[in-house]
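Written out below as structure tokens is the structure these notes cover.
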Amino acid sequence: MSEIDRIQDQLKRAFDGEAWHGPSVMEVLDGVTAEQAASKPVSRAHSIWEIVLHLQTWEAIACKRIHSEAVEATPDIDWPPVKEITKPAWAAAIHALRAGHHGLRVGVAKLDDSDLIRTAPGTGYSLYFLLHGVIQHDLYHAGQMALIKRALA
């Protein structure tokens with residue numbers, strides 16, 4: 001199995017399921033309503049919706065970087081605001097998250113193991129480090145969202 005194949009497997013597990021640690025991003029989001037997603041039951045913490053937008057941002061940044069585009073993660077890009085708290089807006093956010101993750105995985109599938117040593121544009125680290133970071137990032141925020149979801153119950 002190539003390293004790209006292993007990274008693809010871990011991206012899928014962290015995002016869609018069968019992660020070793022517990023629920024993946026999408027498993028945690030299952031059944032979350034727009035109102036729950038926008039709620040902030042934990043003091044000084046982001047909402048589930050804000051985290052979803054943040055995850056979208058970083059999957060898009062990673063996708064651009066593997067396609068040799070330098071992207072700066074400014075604070076307004078890093079944590080975009082929730083603009084409208086409606087069922088359709090929440091569905092659109094989930095759809096965009098899924099689409100962004102799919103786009104990242106399509107981009108990764110086009111890489112060769114030798115590409116992993118390339119420096120990610122605009123950074124001082126490799127594509128290998130970037131992609132493992134995306135996996136870790138998804139799992140970290142899946143845990144946060146699971147705690148928020150539990151606090152809502």
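Letters for chains follow the order of the structure tokens (A, B, ...), residue numbers begin at 1 for each chain, and ligand numbers begin at 1 in the order shown.
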
Each segment 96-120 of chain A residue no farther than 6 Å from segment 54-76 of chain A, nearest pair in Å, only C-alpha atoms, as a Markdown table:
```
| residue | atom | partner | partner_atom | distance |
| --- | --- | --- | --- | --- |
| A:Leu97 | CA | A:Gln56 | CA | 5.1 |
| A:Leu104 | CA | A:Cys63 | CA | 4.9 |
| A:Ala120 | CA | A:Arg65 | CA | 5.6 |
```

Can you spit out the residues from that selection as an mmCIF file, in the first residue's frame, using N, CA and C atoms?
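And here is the file that came out, out37.cif:
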```
data_model
loop_
_atom_site.group_PDB
_atom_site.id
_atom_site.type_symbol
_atom_site.label_atom_id
_atom_site.label_comp_id
_atom_site.auth_asym_id
_atom_site.auth_seq_id
_atom_site.Cartn_x
_atom_site.Cartn_y
_atom_site.Cartn_z
ATOM 1 N N LEU A 97 -19.339 21.185 3.219
ATOM 2 C CA LEU A 97 -18.293 20.451 3.938
ATOM 3 C C LEU A 97 -17.996 19.130 3.231
ATOM 4 N N LEU A 104 -10.901 17.521 -1.807
ATOM 5 C CA LEU A 104 -9.566 17.284 -1.250
ATOM 6 C C LEU A 104 -9.118 15.862 -1.566
ATOM 7 N N ALA A 120 4.455 22.582 0.927
ATOM 8 C CA ALA A 120 3.132 23.143 0.652
ATOM 9 C C ALA A 120 3.314 24.645 0.415
#
```

Extract, using only C-alpha atoms, all DNA, RNA and protein residues at most 9 Å from Arg98 of chain A, discarding same-chain residues fewer than 5 positions from it, and format them as a PDB file with N, CA and C atoms, in the first residue's frame.
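The new file selection-v3.pdb reads:
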```pdb
ATOM      1  N   PHE A  15     -13.168  11.541   8.508  1.00  0.00           N
ATOM      2  CA  PHE A  15     -14.309  12.325   8.042  1.00  0.00           C
ATOM      3  C   PHE A  15     -15.608  11.530   8.000  1.00  0.00           C
ATOM      4  N   MET A  26     -18.541  13.322  10.285  1.00  0.00           N
ATOM      5  CA  MET A  26     -19.916  13.167   9.802  1.00  0.00           C
ATOM      6  C   MET A  26     -20.765  12.345  10.762  1.00  0.00           C
ATOM      7  N   GLN A  56     -14.503  23.451   6.731  1.00  0.00           N
ATOM      8  CA  GLN A  56     -14.613  23.726   5.288  1.00  0.00           C
ATOM      9  C   GLN A  56     -13.418  24.547   4.825  1.00  0.00           C
ATOM     10  N   ALA A  93     -24.396  24.154   4.491  1.00  0.00           N
ATOM     11  CA  ALA A  93     -23.088  24.078   5.156  1.00  0.00           C
ATOM     12  C   ALA A  93     -22.579  22.638   5.180  1.00  0.00           C
ATOM     13  N   GLY A 103     -13.496  17.003  -2.714  1.00  0.00           N
ATOM     14  CA  GLY A 103     -12.524  17.668  -3.584  1.00  0.00           C
ATOM     15  C   GLY A 103     -11.099  17.468  -3.111  1.00  0.00           C
TER      16      GLY A 103
END
```

inquiry  = Quick one: residues within 10 Å of Met145 of chain A, only C-alpha atoms, excluding same-chain residues fewer than 2 positions away - as a VMD selection string?
reply    = chain A and resid 25 28 to 29 37 46 to 49 51 to 52 139 to 143 147 to 151

Using the selection just defined, write its residues with C-alpha atoms as a CSV table (one decimal), in the first residue's frame.
```csv
chain,number,residue,atom,x,y,z
A,25,VAL,CA,-16.8,14.3,11.7
A,28,VAL,CA,-20.9,13.4,15.1
A,29,LEU,CA,-22.9,15.7,12.8
A,37,ALA,CA,-25.6,23.6,15.4
A,46,HIS,CA,-17.4,27.8,19.1
A,47,SER,CA,-20.7,26.4,18.0
A,48,ILE,CA,-20.9,23.2,15.9
A,49,TRP,CA,-21.8,25.4,12.9
A,51,ILE,CA,-16.6,24.5,13.5
A,52,VAL,CA,-18.2,23.1,10.4
A,139,LEU,CA,-10.4,14.4,14.5
A,140,TYR,CA,-9.7,17.2,17.0
A,141,HIS,CA,-12.8,19.1,15.9
A,142,ALA,CA,-14.9,15.9,15.8
A,143,GLY,CA,-14.1,15.6,19.5
A,147,LEU,CA,-18.7,17.4,23.5
A,148,ILE,CA,-20.9,20.3,22.3
A,149,LYS,CA,-23.5,17.9,21.1
A,150,ARG,CA,-23.4,16.1,24.5
A,151,ALA,CA,-23.8,19.5,26.3
```

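The gap separating atom CA of Gly100 of chain A from atom CA of Leu127 of chain A is 17.6 Å, in Å to one decimal.
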
task = Excluding Ser126 of chain A and any residue of its chain fewer than 6 positions from it, enumerate the residues within 9 Å of it, using only C-alpha atoms, and give them as a PyMOL selection string.
result = chain A and resi 115-120

Go ahead and write the selection's residues with N, CA and C atoms as a PDB file, in the first residue's frame.
```
ATOM      1  N   ASP A 115       5.382  13.192  -4.331  1.00  0.00           N
ATOM      2  CA  ASP A 115       4.886  14.564  -4.153  1.00  0.00           C
ATOM      3  C   ASP A 115       4.829  14.965  -2.680  1.00  0.00           C
ATOM      4  N   LEU A 116       4.769  13.996  -1.797  1.00  0.00           N
ATOM      5  CA  LEU A 116       4.573  14.282  -0.377  1.00  0.00           C
ATOM      6  C   LEU A 116       5.733  15.034   0.260  1.00  0.00           C
ATOM      7  N   ILE A 117       6.901  15.010  -0.368  1.00  0.00           N
ATOM      8  CA  ILE A 117       8.043  15.740   0.191  1.00  0.00           C
ATOM      9  C   ILE A 117       8.069  17.204  -0.262  1.00  0.00           C
ATOM     10  N   ARG A 118       7.228  17.534  -1.256  1.00  0.00           N
ATOM     11  CA  ARG A 118       7.163  18.931  -1.710  1.00  0.00           C
ATOM     12  C   ARG A 118       6.708  19.829  -0.571  1.00  0.00           C
ATOM     13  N   THR A 119       7.206  21.047  -0.554  1.00  0.00           N
ATOM     14  CA  THR A 119       6.755  22.032   0.424  1.00  0.00           C
ATOM     15  C   THR A 119       5.395  22.564  -0.007  1.00  0.00           C
ATOM     16  N   ALA A 120       4.455  22.582   0.927  1.00  0.00           N
ATOM     17  CA  ALA A 120       3.132  23.143   0.652  1.00  0.00           C
ATOM     18  C   ALA A 120       3.314  24.645   0.415  1.00  0.00           C
TER      19      ALA A 120
END
```

Selected residue, from A:Ala89, A:Ile135, A:Val106, A:Ile77, that lies nearest to Gln10 of chain A when counting only C-alpha atoms =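 Of A:Ala89, A:Ile135, A:Val106, A:Ile77, the one nearest Gln10 of chain A is A:Ile135, counting only C-alpha atoms.
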
task = Kindly indicate which residue among A:Ile7, A:Ala91, A:Ala14, A:Met1 lies nearest to Tyr128 of chain A, using only C-alpha atoms for the distances.
result =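 Using only C-alpha atoms, Tyr128 of chain A sits closest to A:Ile7.
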
When DSSP is applied to the backbone of this structure, which of chain A are assigned helix (DSSP H, G or I)? Write them out as an mmCIF file with N, CA and C atoms, in the first residue's frame.
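Once everything was written out, this is result09.cif:
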```cif
data_model
loop_
_atom_site.group_PDB
_atom_site.id
_atom_site.type_symbol
_atom_site.label_atom_id
_atom_site.label_comp_id
_atom_site.auth_asym_id
_atom_site.auth_seq_id
_atom_site.Cartn_x
_atom_site.Cartn_y
_atom_site.Cartn_z
ATOM 1 N N GLU A 3 1.828 5.339 0.451
ATOM 2 C CA GLU A 3 1.533 6.324 1.497
ATOM 3 C C GLU A 3 0.301 7.148 1.125
ATOM 4 N N ILE A 4 0.136 7.452 -0.148
ATOM 5 C CA ILE A 4 -1.064 8.172 -0.598
ATOM 6 C C ILE A 4 -2.301 7.352 -0.256
ATOM 7 N N ASP A 5 -2.256 6.050 -0.484
ATOM 8 C CA ASP A 5 -3.394 5.185 -0.141
ATOM 9 C C ASP A 5 -3.677 5.214 1.355
ATOM 10 N N ARG A 6 -2.626 5.201 2.162
ATOM 11 C CA ARG A 6 -2.812 5.257 3.625
ATOM 12 C C ARG A 6 -3.412 6.597 4.044
ATOM 13 N N ILE A 7 -2.933 7.673 3.450
ATOM 14 C CA ILE A 7 -3.481 8.998 3.763
ATOM 15 C C ILE A 7 -4.946 9.061 3.347
ATOM 16 N N GLN A 8 -5.266 8.549 2.167
ATOM 17 C CA GLN A 8 -6.659 8.531 1.710
ATOM 18 C C GLN A 8 -7.536 7.763 2.697
ATOM 19 N N ASP A 9 -7.048 6.624 3.162
ATOM 20 C CA ASP A 9 -7.797 5.819 4.124
ATOM 21 C C ASP A 9 -8.042 6.603 5.417
ATOM 22 N N GLN A 10 -7.025 7.274 5.907
ATOM 23 C CA GLN A 10 -7.169 8.029 7.151
ATOM 24 C C GLN A 10 -8.062 9.257 6.975
ATOM 25 N N LEU A 11 -7.973 9.924 5.820
ATOM 26 C CA LEU A 11 -8.883 11.041 5.542
ATOM 27 C C LEU A 11 -10.331 10.560 5.579
ATOM 28 N N LYS A 12 -10.585 9.416 4.940
ATOM 29 C CA LYS A 12 -11.937 8.860 4.907
ATOM 30 C C LYS A 12 -12.407 8.489 6.307
ATOM 31 N N ARG A 13 -11.566 7.825 7.078
ATOM 32 C CA ARG A 13 -11.949 7.389 8.427
ATOM 33 C C ARG A 13 -12.231 8.583 9.341
ATOM 34 N N ALA A 14 -11.395 9.591 9.289
ATOM 35 C CA ALA A 14 -11.577 10.758 10.147
ATOM 36 C C ALA A 14 -12.842 11.524 9.786
ATOM 37 N N PHE A 15 -13.168 11.541 8.508
ATOM 38 C CA PHE A 15 -14.309 12.325 8.042
ATOM 39 C C PHE A 15 -15.608 11.530 8.000
ATOM 40 N N ASP A 16 -15.558 10.329 7.440
ATOM 41 C CA ASP A 16 -16.782 9.564 7.188
ATOM 42 C C ASP A 16 -17.065 8.441 8.169
ATOM 43 N N VAL A 25 -16.153 13.011 11.879
ATOM 44 C CA VAL A 25 -16.825 14.298 11.705
ATOM 45 C C VAL A 25 -18.292 14.099 11.321
ATOM 46 N N MET A 26 -18.541 13.322 10.285
ATOM 47 C CA MET A 26 -19.916 13.167 9.802
ATOM 48 C C MET A 26 -20.765 12.345 10.762
ATOM 49 N N GLU A 27 -20.172 11.413 11.465
ATOM 50 C CA GLU A 27 -20.931 10.655 12.459
ATOM 51 C C GLU A 27 -21.380 11.559 13.599
ATOM 52 N N VAL A 28 -20.536 12.484 14.010
ATOM 53 C CA VAL A 28 -20.906 13.432 15.066
ATOM 54 C C VAL A 28 -22.020 14.357 14.578
ATOM 55 N N LEU A 29 -21.949 14.761 13.320
ATOM 56 C CA LEU A 29 -22.931 15.706 12.782
ATOM 57 C C LEU A 29 -24.287 15.073 12.488
ATOM 58 N N ALA A 34 -30.239 22.627 12.739
ATOM 59 C CA ALA A 34 -29.690 23.979 12.563
ATOM 60 C C ALA A 34 -29.628 24.717 13.896
ATOM 61 N N GLU A 35 -30.682 24.580 14.686
ATOM 62 C CA GLU A 35 -30.722 25.271 15.979
ATOM 63 C C GLU A 35 -29.636 24.735 16.914
ATOM 64 N N GLN A 36 -29.473 23.430 16.933
ATOM 65 C CA GLN A 36 -28.418 22.832 17.760
ATOM 66 C C GLN A 36 -27.043 23.259 17.264
ATOM 67 N N ALA A 37 -26.868 23.251 15.942
ATOM 68 C CA ALA A 37 -25.573 23.608 15.360
ATOM 69 C C ALA A 37 -25.180 25.046 15.684
ATOM 70 N N ALA A 38 -26.140 25.926 15.770
ATOM 71 C CA ALA A 38 -25.870 27.339 16.048
ATOM 72 C C ALA A 38 -25.745 27.632 17.538
ATOM 73 N N ILE A 48 -21.097 24.279 16.910
ATOM 74 C CA ILE A 48 -20.866 23.221 15.927
ATOM 75 C C ILE A 48 -20.841 23.824 14.523
ATOM 76 N N TRP A 49 -21.751 24.735 14.258
ATOM 77 C CA TRP A 49 -21.828 25.356 12.933
ATOM 78 C C TRP A 49 -20.537 26.110 12.616
ATOM 79 N N GLU A 50 -20.048 26.874 13.572
ATOM 80 C CA GLU A 50 -18.788 27.601 13.360
ATOM 81 C C GLU A 50 -17.642 26.632 13.077
ATOM 82 N N ILE A 51 -17.621 25.516 13.773
ATOM 83 C CA ILE A 51 -16.577 24.518 13.547
ATOM 84 C C ILE A 51 -16.711 23.909 12.160
ATOM 85 N N VAL A 52 -17.936 23.653 11.727
ATOM 86 C CA VAL A 52 -18.154 23.122 10.377
ATOM 87 C C VAL A 52 -17.600 24.096 9.334
ATOM 88 N N LEU A 53 -17.869 25.375 9.484
ATOM 89 C CA LEU A 53 -17.345 26.374 8.545
ATOM 90 C C LEU A 53 -15.820 26.428 8.589
ATOM 91 N N HIS A 54 -15.267 26.295 9.783
ATOM 92 C CA HIS A 54 -13.817 26.273 9.964
ATOM 93 C C HIS A 54 -13.213 25.043 9.271
ATOM 94 N N LEU A 55 -13.840 23.892 9.419
ATOM 95 C CA LEU A 55 -13.364 22.685 8.739
ATOM 96 C C LEU A 55 -13.422 22.848 7.220
ATOM 97 N N GLN A 56 -14.503 23.451 6.731
ATOM 98 C CA GLN A 56 -14.613 23.726 5.288
ATOM 99 C C GLN A 56 -13.418 24.547 4.825
ATOM 100 N N THR A 57 -13.098 25.578 5.585
ATOM 101 C CA THR A 57 -11.994 26.469 5.240
ATOM 102 C C THR A 57 -10.693 25.698 5.091
ATOM 103 N N TRP A 58 -10.385 24.873 6.076
ATOM 104 C CA TRP A 58 -9.093 24.192 6.065
ATOM 105 C C TRP A 58 -9.019 23.062 5.055
ATOM 106 N N GLU A 59 -10.128 22.429 4.745
ATOM 107 C CA GLU A 59 -10.104 21.427 3.678
ATOM 108 C C GLU A 59 -9.867 22.138 2.344
ATOM 109 N N ALA A 60 -10.469 23.320 2.160
ATOM 110 C CA ALA A 60 -10.272 24.105 0.933
ATOM 111 C C ALA A 60 -8.831 24.607 0.837
ATOM 112 N N ILE A 61 -8.291 25.085 1.950
ATOM 113 C CA ILE A 61 -6.898 25.555 1.950
ATOM 114 C C ILE A 61 -5.958 24.410 1.601
ATOM 115 N N ALA A 62 -6.167 23.255 2.204
ATOM 116 C CA ALA A 62 -5.315 22.097 1.911
ATOM 117 C C ALA A 62 -5.420 21.717 0.440
ATOM 118 N N CYS A 63 -6.625 21.738 -0.101
ATOM 119 C CA CYS A 63 -6.838 21.400 -1.508
ATOM 120 C C CYS A 63 -6.075 22.376 -2.413
ATOM 121 N N LYS A 64 -6.157 23.641 -2.109
ATOM 122 C CA LYS A 64 -5.438 24.646 -2.903
ATOM 123 C C LYS A 64 -3.930 24.440 -2.788
ATOM 124 N N ARG A 65 -3.459 24.140 -1.603
ATOM 125 C CA ARG A 65 -2.025 23.955 -1.414
ATOM 126 C C ARG A 65 -1.508 22.720 -2.138
ATOM 127 N N ILE A 66 -2.276 21.643 -2.186
ATOM 128 C CA ILE A 66 -1.776 20.470 -2.926
ATOM 129 C C ILE A 66 -1.792 20.728 -4.432
ATOM 130 N N PRO A 75 -7.536 35.603 9.827
ATOM 131 C CA PRO A 75 -8.563 35.315 10.838
ATOM 132 C C PRO A 75 -9.993 35.299 10.299
ATOM 133 N N ASP A 76 -10.320 36.176 9.363
ATOM 134 C CA ASP A 76 -11.691 36.194 8.827
ATOM 135 C C ASP A 76 -11.962 34.987 7.932
ATOM 136 N N ILE A 77 -10.925 34.430 7.318
ATOM 137 C CA ILE A 77 -11.069 33.219 6.511
ATOM 138 C C ILE A 77 -11.091 31.990 7.417
ATOM 139 N N ASP A 78 -10.264 32.013 8.449
ATOM 140 C CA ASP A 78 -10.104 30.872 9.347
ATOM 141 C C ASP A 78 -11.399 30.507 10.078
ATOM 142 N N LYS A 87 -32.726 25.996 8.476
ATOM 143 C CA LYS A 87 -32.532 24.603 8.075
ATOM 144 C C LYS A 87 -31.831 24.517 6.706
ATOM 145 N N PRO A 88 -32.261 25.307 5.686
ATOM 146 C CA PRO A 88 -31.571 25.243 4.389
ATOM 147 C C PRO A 88 -30.109 25.700 4.463
ATOM 148 N N ALA A 89 -29.828 26.708 5.273
ATOM 149 C CA ALA A 89 -28.448 27.178 5.399
ATOM 150 C C ALA A 89 -27.571 26.121 6.065
ATOM 151 N N TRP A 90 -28.117 25.408 7.059
ATOM 152 C CA TRP A 90 -27.386 24.332 7.723
ATOM 153 C C TRP A 90 -27.142 23.181 6.742
ATOM 154 N N ALA A 91 -28.164 22.825 5.979
ATOM 155 C CA ALA A 91 -28.008 21.769 4.971
ATOM 156 C C ALA A 91 -26.942 22.163 3.947
ATOM 157 N N ALA A 92 -26.926 23.434 3.562
ATOM 158 C CA ALA A 92 -25.924 23.920 2.610
ATOM 159 C C ALA A 92 -24.520 23.850 3.204
ATOM 160 N N ALA A 93 -24.396 24.154 4.491
ATOM 161 C CA ALA A 93 -23.088 24.078 5.156
ATOM 162 C C ALA A 93 -22.579 22.638 5.180
ATOM 163 N N ILE A 94 -23.457 21.703 5.489
ATOM 164 C CA ILE A 94 -23.076 20.288 5.502
ATOM 165 C C ILE A 94 -22.711 19.831 4.095
ATOM 166 N N HIS A 95 -23.508 20.237 3.115
ATOM 167 C CA HIS A 95 -23.221 19.884 1.729
ATOM 168 C C HIS A 95 -21.857 20.432 1.301
ATOM 169 N N ALA A 96 -21.578 21.680 1.638
ATOM 170 C CA ALA A 96 -20.300 22.300 1.280
ATOM 171 C C ALA A 96 -19.135 21.595 1.977
ATOM 172 N N LEU A 97 -19.339 21.185 3.219
ATOM 173 C CA LEU A 97 -18.293 20.451 3.938
ATOM 174 C C LEU A 97 -17.996 19.130 3.231
ATOM 175 N N ARG A 98 -19.051 18.392 2.882
ATOM 176 C CA ARG A 98 -18.875 17.111 2.174
ATOM 177 C C ARG A 98 -18.189 17.324 0.812
ATOM 178 N N ALA A 99 -18.648 18.332 0.082
ATOM 179 C CA ALA A 99 -18.086 18.610 -1.242
ATOM 180 C C ALA A 99 -16.614 19.004 -1.140
ATOM 181 N N GLY A 100 -16.290 19.822 -0.164
ATOM 182 C CA GLY A 100 -14.898 20.228 0.029
ATOM 183 C C GLY A 100 -14.001 19.054 0.386
ATOM 184 N N HIS A 101 -14.517 18.179 1.243
ATOM 185 C CA HIS A 101 -13.732 17.003 1.622
ATOM 186 C C HIS A 101 -13.543 16.088 0.406
ATOM 187 N N HIS A 102 -14.602 15.915 -0.370
ATOM 188 C CA HIS A 102 -14.505 15.097 -1.579
ATOM 189 C C HIS A 102 -13.467 15.689 -2.530
ATOM 190 N N GLY A 103 -13.496 17.003 -2.714
ATOM 191 C CA GLY A 103 -12.524 17.668 -3.584
ATOM 192 C C GLY A 103 -11.099 17.468 -3.111
ATOM 193 N N LEU A 104 -10.901 17.521 -1.807
ATOM 194 C CA LEU A 104 -9.566 17.284 -1.250
ATOM 195 C C LEU A 104 -9.118 15.862 -1.566
ATOM 196 N N ARG A 105 -10.007 14.900 -1.351
ATOM 197 C CA ARG A 105 -9.630 13.505 -1.594
ATOM 198 C C ARG A 105 -9.374 13.233 -3.072
ATOM 199 N N VAL A 106 -10.107 13.898 -3.953
ATOM 200 C CA VAL A 106 -9.840 13.771 -5.385
ATOM 201 C C VAL A 106 -8.449 14.331 -5.693
ATOM 202 N N GLY A 107 -8.124 15.470 -5.095
ATOM 203 C CA GLY A 107 -6.796 16.054 -5.292
ATOM 204 C C GLY A 107 -5.691 15.167 -4.762
ATOM 205 N N VAL A 108 -5.885 14.586 -3.608
ATOM 206 C CA VAL A 108 -4.883 13.699 -3.016
ATOM 207 C C VAL A 108 -4.687 12.468 -3.897
ATOM 208 N N ALA A 109 -5.757 11.960 -4.481
ATOM 209 C CA ALA A 109 -5.667 10.773 -5.335
ATOM 210 C C ALA A 109 -4.779 11.021 -6.558
ATOM 211 N N ASP A 113 3.395 9.359 -4.224
ATOM 212 C CA ASP A 113 4.137 9.383 -2.961
ATOM 213 C C ASP A 113 5.305 10.364 -3.003
ATOM 214 N N SER A 114 5.943 10.492 -4.152
ATOM 215 C CA SER A 114 7.085 11.416 -4.267
ATOM 216 C C SER A 114 6.664 12.875 -4.098
ATOM 217 N N ASP A 115 5.382 13.192 -4.331
ATOM 218 C CA ASP A 115 4.886 14.564 -4.153
ATOM 219 C C ASP A 115 4.829 14.965 -2.680
ATOM 220 N N LEU A 116 4.769 13.996 -1.797
ATOM 221 C CA LEU A 116 4.573 14.282 -0.377
ATOM 222 C C LEU A 116 5.733 15.034 0.260
ATOM 223 N N ILE A 117 6.901 15.010 -0.368
ATOM 224 C CA ILE A 117 8.043 15.740 0.191
ATOM 225 C C ILE A 117 8.069 17.204 -0.262
ATOM 226 N N LEU A 127 3.819 18.524 2.000
ATOM 227 C CA LEU A 127 2.448 18.069 1.753
ATOM 228 C C LEU A 127 2.104 16.897 2.672
ATOM 229 N N TYR A 128 3.093 16.069 2.982
ATOM 230 C CA TYR A 128 2.875 14.964 3.926
ATOM 231 C C TYR A 128 2.389 15.513 5.264
ATOM 232 N N PHE A 129 3.088 16.513 5.788
ATOM 233 C CA PHE A 129 2.731 17.142 7.064
ATOM 234 C C PHE A 129 1.354 17.800 6.972
ATOM 235 N N LEU A 130 1.091 18.482 5.864
ATOM 236 C CA LEU A 130 -0.198 19.138 5.640
ATOM 237 C C LEU A 130 -1.344 18.130 5.688
ATOM 238 N N LEU A 131 -1.214 17.050 4.956
ATOM 239 C CA LEU A 131 -2.314 16.082 4.857
ATOM 240 C C LEU A 131 -2.549 15.341 6.171
ATOM 241 N N HIS A 132 -1.483 15.011 6.859
ATOM 242 C CA HIS A 132 -1.671 14.402 8.181
ATOM 243 C C HIS A 132 -2.271 15.429 9.149
ATOM 244 N N GLY A 133 -1.928 16.685 8.962
ATOM 245 C CA GLY A 133 -2.526 17.748 9.766
ATOM 246 C C GLY A 133 -4.023 17.863 9.541
ATOM 247 N N VAL A 134 -4.471 17.720 8.297
ATOM 248 C CA VAL A 134 -5.907 17.759 8.000
ATOM 249 C C VAL A 134 -6.620 16.629 8.731
ATOM 250 N N ILE A 135 -6.032 15.454 8.703
ATOM 251 C CA ILE A 135 -6.618 14.300 9.402
ATOM 252 C C ILE A 135 -6.731 14.595 10.895
ATOM 253 N N GLN A 136 -5.644 15.069 11.490
ATOM 254 C CA GLN A 136 -5.636 15.389 12.916
ATOM 255 C C GLN A 136 -6.631 16.493 13.238
ATOM 256 N N HIS A 137 -6.713 17.475 12.367
ATOM 257 C CA HIS A 137 -7.625 18.604 12.534
ATOM 258 C C HIS A 137 -9.071 18.134 12.537
ATOM 259 N N ASP A 138 -9.420 17.267 11.584
ATOM 260 C CA ASP A 138 -10.778 16.719 11.536
ATOM 261 C C ASP A 138 -11.113 15.980 12.830
ATOM 262 N N LEU A 139 -10.185 15.159 13.299
ATOM 263 C CA LEU A 139 -10.445 14.378 14.514
ATOM 264 C C LEU A 139 -10.545 15.271 15.749
ATOM 265 N N TYR A 140 -9.687 16.259 15.840
ATOM 266 C CA TYR A 140 -9.720 17.197 16.971
ATOM 267 C C TYR A 140 -11.089 17.880 17.042
ATOM 268 N N HIS A 141 -11.539 18.394 15.897
ATOM 269 C CA HIS A 141 -12.810 19.107 15.897
ATOM 270 C C HIS A 141 -14.009 18.166 15.996
ATOM 271 N N ALA A 142 -13.867 16.929 15.543
ATOM 272 C CA ALA A 142 -14.944 15.946 15.759
ATOM 273 C C ALA A 142 -15.139 15.753 17.260
ATOM 274 N N GLY A 143 -14.049 15.688 17.995
ATOM 275 C CA GLY A 143 -14.138 15.562 19.455
ATOM 276 C C GLY A 143 -14.799 16.773 20.087
ATOM 277 N N GLN A 144 -14.433 17.959 19.647
ATOM 278 C CA GLN A 144 -15.063 19.173 20.167
ATOM 279 C C GLN A 144 -16.560 19.168 19.902
ATOM 280 N N MET A 145 -16.923 18.829 18.675
ATOM 281 C CA MET A 145 -18.338 18.831 18.314
ATOM 282 C C MET A 145 -19.107 17.769 19.097
ATOM 283 N N ALA A 146 -18.467 16.639 19.371
ATOM 284 C CA ALA A 146 -19.121 15.592 20.170
ATOM 285 C C ALA A 146 -19.402 16.102 21.587
ATOM 286 N N LEU A 147 -18.480 16.853 22.155
ATOM 287 C CA LEU A 147 -18.682 17.414 23.492
ATOM 288 C C LEU A 147 -19.790 18.466 23.487
ATOM 289 N N ILE A 148 -19.802 19.293 22.461
ATOM 290 C CA ILE A 148 -20.870 20.307 22.346
ATOM 291 C C ILE A 148 -22.225 19.619 22.195
ATOM 292 N N LYS A 149 -22.263 18.597 21.352
ATOM 293 C CA LYS A 149 -23.515 17.854 21.128
ATOM 294 C C LYS A 149 -23.981 17.230 22.428
ATOM 295 N N ARG A 150 -23.076 16.687 23.202
ATOM 296 C CA ARG A 150 -23.437 16.101 24.494
ATOM 297 C C ARG A 150 -23.956 17.173 25.451
ATOM 298 N N ALA A 151 -23.350 18.352 25.420
ATOM 299 C CA ALA A 151 -23.794 19.452 26.285
ATOM 300 C C ALA A 151 -25.210 19.919 25.915
ATOM 301 N N LEU A 152 -25.604 19.719 24.670
ATOM 302 C CA LEU A 152 -26.940 20.105 24.218
ATOM 303 C C LEU A 152 -28.008 19.130 24.685
#
```

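Taking atom CA of Ser43 of chain A and atom CA of Gly31 of chain A as endpoints, the distance between them is 22.7 Å.
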
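Here atom CA of Pro41 of chain A is placed at a distance of 16.0 Å from atom CA of Ile85 of chain A.
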